[in-house]
file data.cif (mmCIF, C-alpha atoms)
data_final
loop_
_atom_site.group_PDB
_atom_site.id
_atom_site.type_symbol
_atom_site.label_atom_id
_atom_site.label_comp_id
_atom_site.auth_asym_id
_atom_site.auth_seq_id
_atom_site.Cartn_x
_atom_site.Cartn_y
_atom_site.Cartn_z
ATOM 1 C CA MET A 1 115.243 131.245 81.461
ATOM 2 C CA VAL A 2 113.565 128.384 83.180
ATOM 3 C CA ALA A 3 114.885 124.954 82.343
ATOM 4 C CA GLN A 4 112.548 122.512 80.720
ATOM 5 C CA LEU A 5 111.066 120.203 83.290
ATOM 6 C CA ASN A 6 111.748 116.716 82.090
ATOM 7 C CA LEU A 7 111.325 114.036 84.679
ATOM 8 C CA SER A 8 111.805 111.175 82.277
ATOM 9 C CA SER A 9 115.147 112.228 80.829
ATOM 10 C CA GLU A 10 116.815 114.059 83.703
ATOM 11 C CA THR A 11 118.785 111.601 85.821
ATOM 12 C CA VAL A 12 119.207 111.177 89.541
ATOM 13 C CA ALA A 13 122.922 111.947 89.036
ATOM 14 C CA LYS A 14 122.003 115.622 88.927
ATOM 15 C CA ILE A 15 120.117 115.879 92.176
ATOM 16 C CA TYR A 16 121.483 113.394 94.691
ATOM 17 C CA ALA A 17 123.747 114.448 97.542
ATOM 18 C CA SER A 18 127.042 112.736 98.207
ATOM 19 C CA ASP A 19 127.547 114.143 101.709
ATOM 20 C CA HIS A 20 126.458 110.806 103.105
ATOM 21 C CA LEU A 21 127.716 108.763 105.977
ATOM 22 C CA ILE A 22 129.280 105.386 105.205
ATOM 23 C CA VAL A 23 129.810 102.807 107.914
ATOM 24 C CA CYS A 24 131.105 99.266 107.691
ATOM 25 C CA PRO A 25 128.897 96.307 108.654
ATOM 26 C CA THR A 26 131.023 95.471 111.693
ATOM 27 C CA ALA A 27 130.655 98.927 113.311
ATOM 28 C CA THR A 28 128.599 98.874 116.497
ATOM 29 C CA VAL A 29 125.180 100.478 116.659
ATOM 30 C CA ARG A 30 126.481 102.839 119.356
ATOM 31 C CA ASP A 31 129.222 103.985 117.010
ATOM 32 C CA VAL A 32 126.800 104.586 114.167
ATOM 33 C CA PHE A 33 124.431 106.549 116.451
ATOM 34 C CA GLN A 34 127.265 108.821 117.455
ATOM 35 C CA GLN A 35 128.525 109.275 113.925
ATOM 36 C CA MET A 36 125.038 110.182 112.743
ATOM 37 C CA GLN A 37 124.829 112.764 115.500
ATOM 38 C CA THR A 38 128.200 114.374 114.862
ATOM 39 C CA THR A 39 127.754 114.509 111.095
ATOM 40 C CA ASN A 40 124.080 115.527 111.418
ATOM 41 C CA ASN A 41 122.987 112.712 109.124
ATOM 42 C CA GLY A 42 119.584 111.065 109.379
ATOM 43 C CA ALA A 43 120.780 107.880 107.732
ATOM 44 C CA ALA A 44 123.893 105.846 107.126
ATOM 45 C CA LEU A 45 124.850 103.631 104.213
ATOM 46 C CA VAL A 46 126.260 100.327 105.354
ATOM 47 C CA CYS A 47 128.921 99.268 102.876
ATOM 48 C CA ASP A 48 131.250 96.338 102.618
ATOM 49 C CA GLY A 49 134.159 97.945 100.802
ATOM 50 C CA GLU A 50 132.212 100.147 98.429
ATOM 51 C CA ILE A 51 129.337 97.765 97.844
ATOM 52 C CA LEU A 52 126.023 98.784 99.397
ATOM 53 C CA LYS A 53 124.792 96.160 101.856
ATOM 54 C CA GLY A 54 122.085 97.996 103.718
ATOM 55 C CA ILE A 55 120.916 101.230 105.244
ATOM 56 C CA PHE A 56 120.283 102.378 108.775
ATOM 57 C CA THR A 57 117.973 105.345 109.270
ATOM 58 C CA GLU A 58 116.674 107.471 112.097
ATOM 59 C CA ARG A 59 113.499 105.410 111.968
ATOM 60 C CA ASP A 60 115.503 102.284 112.771
ATOM 61 C CA ALA A 61 117.236 104.222 115.522
ATOM 62 C CA LEU A 62 113.897 105.214 117.022
ATOM 63 C CA LYS A 63 112.736 101.600 117.051
ATOM 64 C CA LEU A 64 115.897 100.538 118.832
ATOM 65 C CA MET A 65 115.394 103.267 121.413
ATOM 66 C CA ALA A 66 111.795 102.212 121.997
ATOM 67 C CA SER A 67 112.780 98.592 122.562
ATOM 68 C CA GLU A 68 115.837 99.598 124.598
ATOM 69 C CA ALA A 69 117.956 97.331 122.475
ATOM 70 C CA ASN A 70 121.591 96.565 123.128
ATOM 71 C CA LEU A 71 123.645 99.170 121.272
ATOM 72 C CA ASP A 72 126.833 97.145 121.232
ATOM 73 C CA VAL A 73 125.858 94.771 118.441
ATOM 74 C CA PRO A 74 127.158 95.139 114.869
ATOM 75 C CA ILE A 75 125.061 97.431 112.667
ATOM 76 C CA ALA A 76 124.694 94.572 110.158
ATOM 77 C CA ASP A 77 122.304 92.858 112.605
ATOM 78 C CA VAL A 78 119.836 95.734 112.731
ATOM 79 C CA MET A 79 120.186 97.492 109.358
ATOM 80 C CA THR A 80 117.637 97.220 106.557
ATOM 81 C CA LYS A 81 119.231 94.741 104.167
ATOM 82 C CA ASP A 82 119.074 95.163 100.390
ATOM 83 C CA PRO A 83 117.150 98.446 100.478
ATOM 84 C CA VAL A 84 115.191 99.754 97.497
ATOM 85 C CA SER A 85 117.783 101.812 95.637
ATOM 86 C CA MET A 86 118.144 104.018 92.585
ATOM 87 C CA GLY A 87 120.660 103.639 89.773
ATOM 88 C CA VAL A 88 122.625 106.816 89.220
ATOM 89 C CA ASN A 89 121.333 106.912 85.638
ATOM 90 C CA ASP A 90 117.699 106.352 86.547
ATOM 91 C CA ALA A 91 115.264 109.158 85.735
ATOM 92 C CA VAL A 92 114.156 111.628 88.375
ATOM 93 C CA GLY A 93 110.590 110.632 87.576
ATOM 94 C CA LYS A 94 111.365 107.130 88.788
ATOM 95 C CA ALA A 95 112.595 108.512 92.110
ATOM 96 C CA VAL A 96 109.429 110.578 92.454
ATOM 97 C CA ALA A 97 107.285 107.532 91.752
ATOM 98 C CA LYS A 98 109.203 105.327 94.177
ATOM 99 C CA MET A 99 109.016 107.941 96.900
ATOM 100 C CA SER A 100 105.435 109.005 96.514
ATOM 101 C CA PHE A 101 104.025 105.523 96.129
ATOM 102 C CA GLY A 102 106.475 103.470 98.158
ATOM 103 C CA GLY A 103 106.444 105.887 101.070
ATOM 104 C CA TYR A 104 110.228 106.317 101.131
ATOM 105 C CA ARG A 105 111.775 109.618 102.023
ATOM 106 C CA ARG A 106 115.272 108.755 100.957
ATOM 107 C CA LEU A 107 116.672 106.225 98.526
ATOM 108 C CA PRO A 108 120.282 105.118 98.296
ATOM 109 C CA VAL A 109 121.934 105.789 94.945
ATOM 110 C CA VAL A 110 124.239 103.140 93.500
ATOM 111 C CA ASP A 111 126.305 102.885 90.336
ATOM 112 C CA ASP A 112 126.248 99.967 87.894
ATOM 113 C CA ALA A 113 128.656 97.948 90.033
ATOM 114 C CA GLY A 114 126.495 98.348 93.141
ATOM 115 C CA CYS A 115 128.835 100.865 94.799
ATOM 116 C CA ALA A 116 127.065 103.320 97.083
ATOM 117 C CA LEU A 117 127.210 106.929 95.896
ATOM 118 C CA GLY A 118 124.836 108.747 98.220
ATOM 119 C CA PHE A 119 121.206 109.429 98.930
ATOM 120 C CA VAL A 120 118.457 111.026 96.910
ATOM 121 C CA LYS A 121 116.003 112.566 99.353
ATOM 122 C CA ALA A 122 112.463 113.855 99.074
ATOM 123 C CA ARG A 123 113.936 117.254 99.824
ATOM 124 C CA HIS A 124 116.239 117.067 96.783
ATOM 125 C CA VAL A 125 113.352 116.184 94.525
ATOM 126 C CA LEU A 126 111.263 119.008 95.957
ATOM 127 C CA HIS A 127 114.113 121.437 95.445
ATOM 128 C CA TYR A 128 114.598 120.207 91.893
ATOM 129 C CA LEU A 129 110.934 120.782 91.146
ATOM 130 C CA VAL A 130 110.891 124.195 92.810
ATOM 131 C CA ALA A 131 113.900 125.225 90.728
ATOM 132 C CA HIS A 132 111.696 124.867 87.656
ATOM 133 C CA PHE A 133 109.194 127.427 88.780
ATOM 134 C CA PRO A 134 111.338 129.779 90.852
ATOM 135 C CA ASN A 135 109.431 132.941 90.042
ATOM 136 C CA ILE A 136 106.199 131.710 91.529
ATOM 137 C CA VAL A 137 107.808 130.140 94.592
ATOM 138 C CA TYR A 138 110.471 132.652 95.514
ATOM 139 C CA ASN A 139 108.482 135.831 94.817
ATOM 140 C CA LEU A 140 105.988 135.320 97.585
ATOM 141 C CA PRO A 141 104.888 137.780 100.250
ATOM 142 C CA PRO A 142 106.090 136.924 103.776
ATOM 143 C CA SER A 143 102.759 135.436 104.786
ATOM 144 C CA PRO A 144 99.860 134.002 102.767
ATOM 145 C CA HIS A 145 97.383 136.719 103.693
ATOM 146 C CA HIS A 146 99.773 139.590 103.741
ATOM 147 C CA SER A 147 98.315 143.046 103.317
ATOM 148 C CA THR A 148 99.862 146.385 104.132
ATOM 149 C CA LYS A 149 98.027 148.553 106.628
ATOM 150 C CA ALA A 150 98.490 151.772 104.697
ATOM 151 C CA ARG A 151 98.969 152.604 101.058
ATOM 152 C CA GLU A 152 102.586 152.759 100.081
ATOM 153 C CA GLY A 153 103.831 156.346 100.397
ATOM 154 C CA ALA A 154 100.650 157.509 102.075
ATOM 155 C CA MET B 155 112.863 145.395 79.594
ATOM 156 C CA ILE B 156 109.142 144.971 79.211
ATOM 157 C CA ASN B 157 107.295 145.715 76.042
ATOM 158 C CA CYS B 158 104.092 147.728 76.140
ATOM 159 C CA PRO B 159 101.251 145.488 74.936
ATOM 160 C CA SER B 160 99.589 148.311 72.997
ATOM 161 C CA CYS B 161 102.455 150.243 71.345
ATOM 162 C CA ASP B 162 105.307 147.722 71.781
ATOM 163 C CA ALA B 163 107.661 150.384 73.154
ATOM 164 C CA GLU B 164 110.372 149.170 75.511
ATOM 165 C CA ASN B 165 109.982 150.198 79.139
ATOM 166 C CA ILE B 166 112.088 149.815 82.263
ATOM 167 C CA PRO B 167 110.769 146.895 84.359
ATOM 168 C CA GLY B 168 108.683 148.190 87.251
ATOM 169 C CA VAL B 169 107.264 151.356 85.668
ATOM 170 C CA ASP B 170 103.533 151.886 86.171
ATOM 171 C CA GLU B 171 102.709 153.194 82.723
ATOM 172 C CA CYS B 172 104.214 153.082 79.258
ATOM 173 C CA THR B 173 106.525 156.050 78.616
ATOM 174 C CA GLU B 174 105.313 156.206 74.983
ATOM 175 C CA CYS B 175 101.553 155.849 75.145
ATOM 176 C CA GLY B 176 100.676 156.053 78.842
ATOM 177 C CA GLN B 177 99.067 152.598 78.891
ATOM 178 C CA ALA B 178 98.965 151.097 82.399
ATOM 179 C CA LEU B 179 101.601 148.374 82.754
ATOM 180 C CA THR B 180 101.008 147.320 86.365
ATOM 181 C CA ASP B 181 99.314 144.067 85.402
ATOM 182 C CA LEU B 182 102.421 142.916 83.548
ATOM 183 C CA HIS B 183 104.456 142.757 86.744
ATOM 184 C CA LEU B 184 102.355 139.912 88.089
ATOM 185 C CA PRO B 185 103.905 136.546 87.331
ATOM 186 C CA MET B 186 101.748 134.818 84.745
ATOM 187 C CA PRO B 187 101.534 131.079 85.210
ATOM 188 C CA ASP B 188 102.405 129.502 81.876
ATOM 189 C CA SER B 189 101.678 125.886 82.669
ATOM 190 C CA ALA B 190 98.888 123.948 84.288
ATOM 191 C CA ILE B 191 101.070 122.952 87.207
ATOM 192 C CA LYS B 192 102.067 126.520 88.035
ATOM 193 C CA GLN B 193 98.456 127.535 87.758
ATOM 194 C CA SER B 194 97.374 124.832 90.165
ATOM 195 C CA LEU B 195 100.151 125.661 92.632
ATOM 196 C CA LEU B 196 99.036 129.284 92.636
ATOM 197 C CA THR B 197 95.331 128.601 92.951
ATOM 198 C CA ASP B 198 95.034 125.350 94.916
ATOM 199 C CA ARG B 199 95.052 125.648 98.665
ATOM 200 C CA VAL B 200 96.888 123.568 101.222
ATOM 201 C CA SER B 201 93.584 121.896 102.073
ATOM 202 C CA VAL B 202 93.662 119.979 98.744
ATOM 203 C CA LEU B 203 96.475 117.854 100.171
ATOM 204 C CA GLY B 204 93.944 116.586 102.699
ATOM 205 C CA PRO B 205 96.022 117.399 105.778
ATOM 206 C CA LYS B 206 95.986 114.434 108.149
ATOM 207 C CA THR B 207 94.928 114.787 111.731
ATOM 208 C CA PRO B 208 98.214 114.922 113.578
ATOM 209 C CA ILE B 209 99.022 112.927 116.662
ATOM 210 C CA THR B 210 99.373 115.441 119.454
ATOM 211 C CA ILE B 211 100.953 115.220 122.862
ATOM 212 C CA LYS B 212 101.288 117.403 125.934
ATOM 213 C CA PRO B 213 104.619 119.113 126.659
ATOM 214 C CA GLU B 214 105.033 117.269 129.942
ATOM 215 C CA MET B 215 104.747 113.785 128.445
ATOM 216 C CA GLN B 216 107.784 111.604 129.078
ATOM 217 C CA VAL B 217 110.195 111.044 126.218
ATOM 218 C CA GLN B 218 109.960 107.265 126.518
ATOM 219 C CA GLU B 219 106.171 107.343 126.121
ATOM 220 C CA VAL B 220 106.470 109.633 123.099
ATOM 221 C CA ILE B 221 108.961 107.359 121.370
ATOM 222 C CA ARG B 222 106.872 104.281 122.150
ATOM 223 C CA MET B 223 103.872 106.039 120.616
ATOM 224 C CA MET B 224 105.766 107.071 117.465
ATOM 225 C CA VAL B 225 106.909 103.504 116.872
ATOM 226 C CA ASP B 226 103.472 101.992 117.588
ATOM 227 C CA GLU B 227 101.611 104.474 115.386
ATOM 228 C CA ASN B 228 104.315 104.328 112.728
ATOM 229 C CA ILE B 229 104.715 108.090 112.524
ATOM 230 C CA GLY B 230 107.769 110.266 112.085
ATOM 231 C CA SER B 231 106.786 113.223 114.185
ATOM 232 C CA VAL B 232 104.334 114.338 116.845
ATOM 233 C CA ILE B 233 103.081 117.826 117.525
ATOM 234 C CA VAL B 234 103.399 119.190 121.030
ATOM 235 C CA VAL B 235 100.245 121.140 121.816
ATOM 236 C CA GLN B 236 99.455 123.518 124.651
ATOM 237 C CA GLU B 237 95.936 124.968 124.909
ATOM 238 C CA GLY B 238 95.193 123.910 121.356
ATOM 239 C CA ALA B 239 98.137 125.727 119.791
ATOM 240 C CA PRO B 240 101.210 123.914 118.437
ATOM 241 C CA ILE B 241 104.222 124.954 120.523
ATOM 242 C CA GLY B 242 106.678 122.399 119.246
ATOM 243 C CA ILE B 243 107.349 119.365 117.113
ATOM 244 C CA PHE B 244 109.250 116.236 118.091
ATOM 245 C CA SER B 245 110.551 114.090 115.267
ATOM 246 C CA GLU B 246 112.749 111.068 114.680
ATOM 247 C CA ARG B 247 115.477 113.525 113.930
ATOM 248 C CA ASP B 248 115.163 115.167 117.352
ATOM 249 C CA ALA B 249 115.328 111.753 118.990
ATOM 250 C CA LEU B 250 118.521 110.862 117.150
ATOM 251 C CA MET B 251 120.236 114.226 117.465
ATOM 252 C CA LYS B 252 119.308 115.136 121.018
ATOM 253 C CA LEU B 253 118.922 111.807 122.814
ATOM 254 C CA ASN B 254 121.187 109.487 120.862
ATOM 255 C CA VAL B 255 123.063 106.921 122.974
ATOM 256 C CA ASP B 256 122.126 108.729 126.191
ATOM 257 C CA TYR B 257 118.489 107.869 125.657
ATOM 258 C CA ALA B 258 118.258 105.723 128.795
ATOM 259 C CA LYS B 259 119.411 108.681 130.889
ATOM 260 C CA TYR B 260 116.762 111.065 129.565
ATOM 261 C CA ARG B 261 113.781 108.785 129.085
ATOM 262 C CA GLU B 262 111.772 110.121 131.993
ATOM 263 C CA ARG B 263 112.311 113.769 131.137
ATOM 264 C CA PRO B 264 109.464 115.767 129.577
ATOM 265 C CA VAL B 265 109.428 115.952 125.782
ATOM 266 C CA SER B 266 109.380 119.757 125.918
ATOM 267 C CA GLU B 267 113.103 119.685 126.707
ATOM 268 C CA PHE B 268 113.921 117.979 123.430
ATOM 269 C CA MET B 269 111.302 119.196 120.983
ATOM 270 C CA THR B 270 111.933 121.765 118.271
ATOM 271 C CA SER B 271 110.032 124.800 119.552
ATOM 272 C CA ALA B 272 107.902 127.232 117.614
ATOM 273 C CA PRO B 273 107.505 125.244 114.390
ATOM 274 C CA GLN B 274 106.704 127.075 111.170
ATOM 275 C CA THR B 275 102.949 126.741 110.560
ATOM 276 C CA LEU B 276 100.586 127.493 107.709
ATOM 277 C CA GLU B 277 96.857 128.214 107.425
ATOM 278 C CA ALA B 278 94.696 125.668 105.610
ATOM 279 C CA ASP B 279 93.502 128.301 103.147
ATOM 280 C CA ALA B 280 97.049 129.359 102.181
ATOM 281 C CA LYS B 281 98.040 128.688 98.581
ATOM 282 C CA LEU B 282 99.947 125.490 97.982
ATOM 283 C CA VAL B 283 102.946 127.370 96.713
ATOM 284 C CA PHE B 284 103.573 128.612 100.267
ATOM 285 C CA ALA B 285 103.878 125.090 101.573
ATOM 286 C CA LEU B 286 106.384 124.395 98.822
ATOM 287 C CA GLN B 287 108.366 127.490 99.681
ATOM 288 C CA ARG B 288 108.412 126.811 103.423
ATOM 289 C CA MET B 289 109.578 123.253 102.925
ATOM 290 C CA ASP B 290 112.184 124.042 100.303
ATOM 291 C CA ILE B 291 113.730 127.035 102.030
ATOM 292 C CA GLY B 292 113.286 125.925 105.626
ATOM 293 C CA GLY B 293 114.120 122.291 104.908
ATOM 294 C CA TYR B 294 111.112 121.111 106.904
ATOM 295 C CA ARG B 295 109.498 117.780 106.245
ATOM 296 C CA HIS B 296 106.348 118.468 108.255
ATOM 297 C CA LEU B 297 104.235 121.617 108.426
ATOM 298 C CA PRO B 298 101.491 121.907 111.044
ATOM 299 C CA ILE B 299 98.313 123.434 109.628
ATOM 300 C CA VAL B 300 96.526 125.904 111.892
ATOM 301 C CA GLY B 301 93.123 127.551 111.947
ATOM 302 C CA GLU B 302 92.272 131.214 112.350
ATOM 303 C CA GLN B 303 92.970 131.334 116.081
ATOM 304 C CA GLY B 304 96.250 129.468 115.693
ATOM 305 C CA GLU B 305 94.687 126.173 116.759
ATOM 306 C CA LEU B 306 96.141 123.013 115.246
ATOM 307 C CA THR B 307 93.949 121.449 112.567
ATOM 308 C CA GLY B 308 96.208 119.186 110.531
ATOM 309 C CA ILE B 309 99.664 118.367 109.232
ATOM 310 C CA VAL B 310 101.172 118.019 105.764
ATOM 311 C CA SER B 311 104.429 116.278 104.973
ATOM 312 C CA VAL B 312 106.925 116.626 102.176
ATOM 313 C CA ARG B 313 105.611 113.322 100.842
ATOM 314 C CA ASP B 314 102.083 114.732 100.517
ATOM 315 C CA ILE B 315 103.542 117.512 98.392
ATOM 316 C CA LEU B 316 105.590 115.100 96.280
ATOM 317 C CA ARG B 317 102.506 112.980 95.705
ATOM 318 C CA TYR B 318 100.566 116.042 94.604
ATOM 319 C CA LEU B 319 103.362 117.188 92.283
ATOM 320 C CA ALA B 320 103.811 113.717 90.823
ATOM 321 C CA LYS B 321 100.114 113.601 90.000
ATOM 322 C CA ALA B 322 100.046 117.128 88.604
ATOM 323 C CA LEU B 323 103.120 116.516 86.469
ATOM 324 C CA THR B 324 101.768 113.350 84.923
ATOM 325 C CA ALA B 325 98.492 115.141 84.185
ATOM 326 C CA ASP B 326 100.480 118.053 82.743
ATOM 327 C CA SER B 327 102.518 115.933 80.332
ATOM 328 C CA ALA B 328 99.483 113.887 79.305
ATOM 329 C CA ALA B 329 97.523 117.029 78.401
#
call {"tool": "encode", "arguments": {"input": "data.cif", "output": "structure tokens"}}
result
Amino acid sequence: MVAQLNLSSETVAKIYASDHLIVCPTATVRDVFQQMQTTNNGAALVCDGEILKGIFTERDALKLMASEANLDVPIADVMTKDPVSMGVNDAVGKAVAKMSFGGYRRLPVVDDAGCALGFVKARHVLHYLVAHFPNIVYNLPPSPHHSTKAREGA
Amino acid sequence: MINCPSCDAENIPGVDECTECGQALTDLHLPMPDSAIKQSLLTDRVSVLGPKTPITIKPEMQVQEVIRMMVDENIGSVIVVQEGAPIGIFSERDALMKLNVDYAKYRERPVSEFMTSAPQTLEADAKLVFALQRMDIGGYRHLPIVGEQGELTGIVSVRDILRYLAKALTADSAA
């Protein structure tokens, strides 16, 4: 049975991932780089206590590399402050709209008090959508123009 | 169990003809799209996403030049091309995971040492559903689009797909 696809009532709470990396604003950029590498995370949430202050993504990292910036400054100086975020009870449809029209690939998820809970990524949304039509997506031949050379059994 | 459309007898899924009346059942095994969005995913081709012309580089280009270029052009990944065919992809993620704080040490090395080799590609006339499958299962955010001879012709990103789905879903619920 395929679940009813309802982007306006299903909430972000169901699809976001909480395997995120949290760093404090005073951590150095070098530190954050290394933590992102070891935890294989493309972004870090910068939190003061539990309150979301900003985010630092691989895009920001790339810019720092290009400008050969000093990596020993606090992350708070280079992070994106007050990023566009999602409430945990916001609808999935809102995330889709923000991502497809705002050009974001990941949005931080916060609760009512502004505490950071994780990220909702384009990949999560895609997976959520795919899960609603699994039989057309997962029952595909190995390549788009797949044809067998001989008749089966012949 | 599948029911025979002519005599309504129950049959084991996968049988070729109805055990009661001999009616061919092979057509029933094909997934039938039951909504407009499924229909469009199964019939539309990757080309409807309007694959962008990707920024390409040579494998021997220096890492520092590549990164400079990605920042200047505001792009997340570049395709490494040799003799017209995509042999690798270098993304923000590769820069962070493979160069990291040692960037200064590696900046003059060729990008081919740090790229992700042999990226998953797709033909422009493949059905959209394949792009969805590749991205969901493989976790890719970019898929290079190739022509018949394996030459690079475009690139689609996970955001192109989301934009398409967002549009299709709003059209679906409005209908």
call {"tool": "residues_around", "arguments": {"input": "data.cif", "residues": "segment 265-275 of chain B", "least_positions_apart": "6", "cutoff": "10 Å", "atoms": "only C-alpha atoms", "output": "PyMOL selection string"}}
result
chain B and resi 211-221+232-234+240-245+247-249+251-253+285+288-289+292+294+296-301+304+306+309
call {"tool": "closest_residue", "arguments": {"input": "data.cif", "among": "A:Asp82, A:Asp72, A:Asp77, A:Asp111", "to": "chain B", "atoms": "all atoms listed in the file"}}
result
A:Asp72
call {"tool": "resolve_selection", "arguments": {"input": "data.cif", "expression": "the PyMOL selection byres ((chain A and resi 135-138) around 8)", "output": "PDB file with C-alpha atoms, keeping the file's coordinate frame"}}
result
ATOM      1  CA  VAL A 130     110.891 124.195  92.810  1.00  0.00           C
ATOM      2  CA  PHE A 133     109.194 127.427  88.780  1.00  0.00           C
ATOM      3  CA  PRO A 134     111.338 129.779  90.852  1.00  0.00           C
ATOM      4  CA  ASN A 139     108.482 135.831  94.817  1.00  0.00           C
ATOM      5  CA  LEU A 140     105.988 135.320  97.585  1.00  0.00           C
TER       6      LEU A 140
ATOM      7  CA  PRO B 185     103.905 136.546  87.331  1.00  0.00           C
ATOM      8  CA  PRO B 187     101.534 131.079  85.210  1.00  0.00           C
ATOM      9  CA  LYS B 192     102.067 126.520  88.035  1.00  0.00           C
ATOM     10  CA  LEU B 196      99.036 129.284  92.636  1.00  0.00           C
ATOM     11  CA  VAL B 283     102.946 127.370  96.713  1.00  0.00           C
ATOM     12  CA  PHE B 284     103.573 128.612 100.267  1.00  0.00           C
ATOM     13  CA  LEU B 286     106.384 124.395  98.822  1.00  0.00           C
ATOM     14  CA  GLN B 287     108.366 127.490  99.681  1.00  0.00           C
TER      15      GLN B 287
END
call {"tool": "residues_around", "arguments": {"input": "data.cif", "residues": "Asn70 of chain A", "least_positions_apart": "2", "cutoff": "9 Å", "atoms": "only C-alpha atoms", "output": "PyMOL selection string"}}
result
chain A and resi 29-30+64+68+72-73
call {"tool": "interface_residues", "arguments": {"input": "data.cif", "of": "chain A", "to": "chain B", "cutoff": "9 Å", "atoms": "all atoms listed in the file", "output": "PyMOL selection string"}}
result
chain A and resi 7+30+33-34+36-38+40-42+58-59+61-63+65-68+71+93+96-97+99-101+103-105+122-127+129-130+133+135-140+143-145
call {"tool": "atom_distance", "arguments": {"input": "data.cif", "atom1": "atom CA of Ile166 of chain B", "atom2": "atom CA of His132 of chain A"}}
result
25.5 Å
call {"tool": "residues_around", "arguments": {"input": "data.cif", "residues": "Ile75 of chain A", "least_positions_apart": "5", "cutoff": "6 Å", "atoms": "only C-alpha atoms", "output": "PyMOL selection string"}}
result
chain A and resi 25+27-29
call {"tool": "atom_distance", "arguments": {"input": "data.cif", "atom1": "atom CA of Glu227 of chain B", "atom2": "atom CA of Val46 of chain A"}}
result
26.9 Å
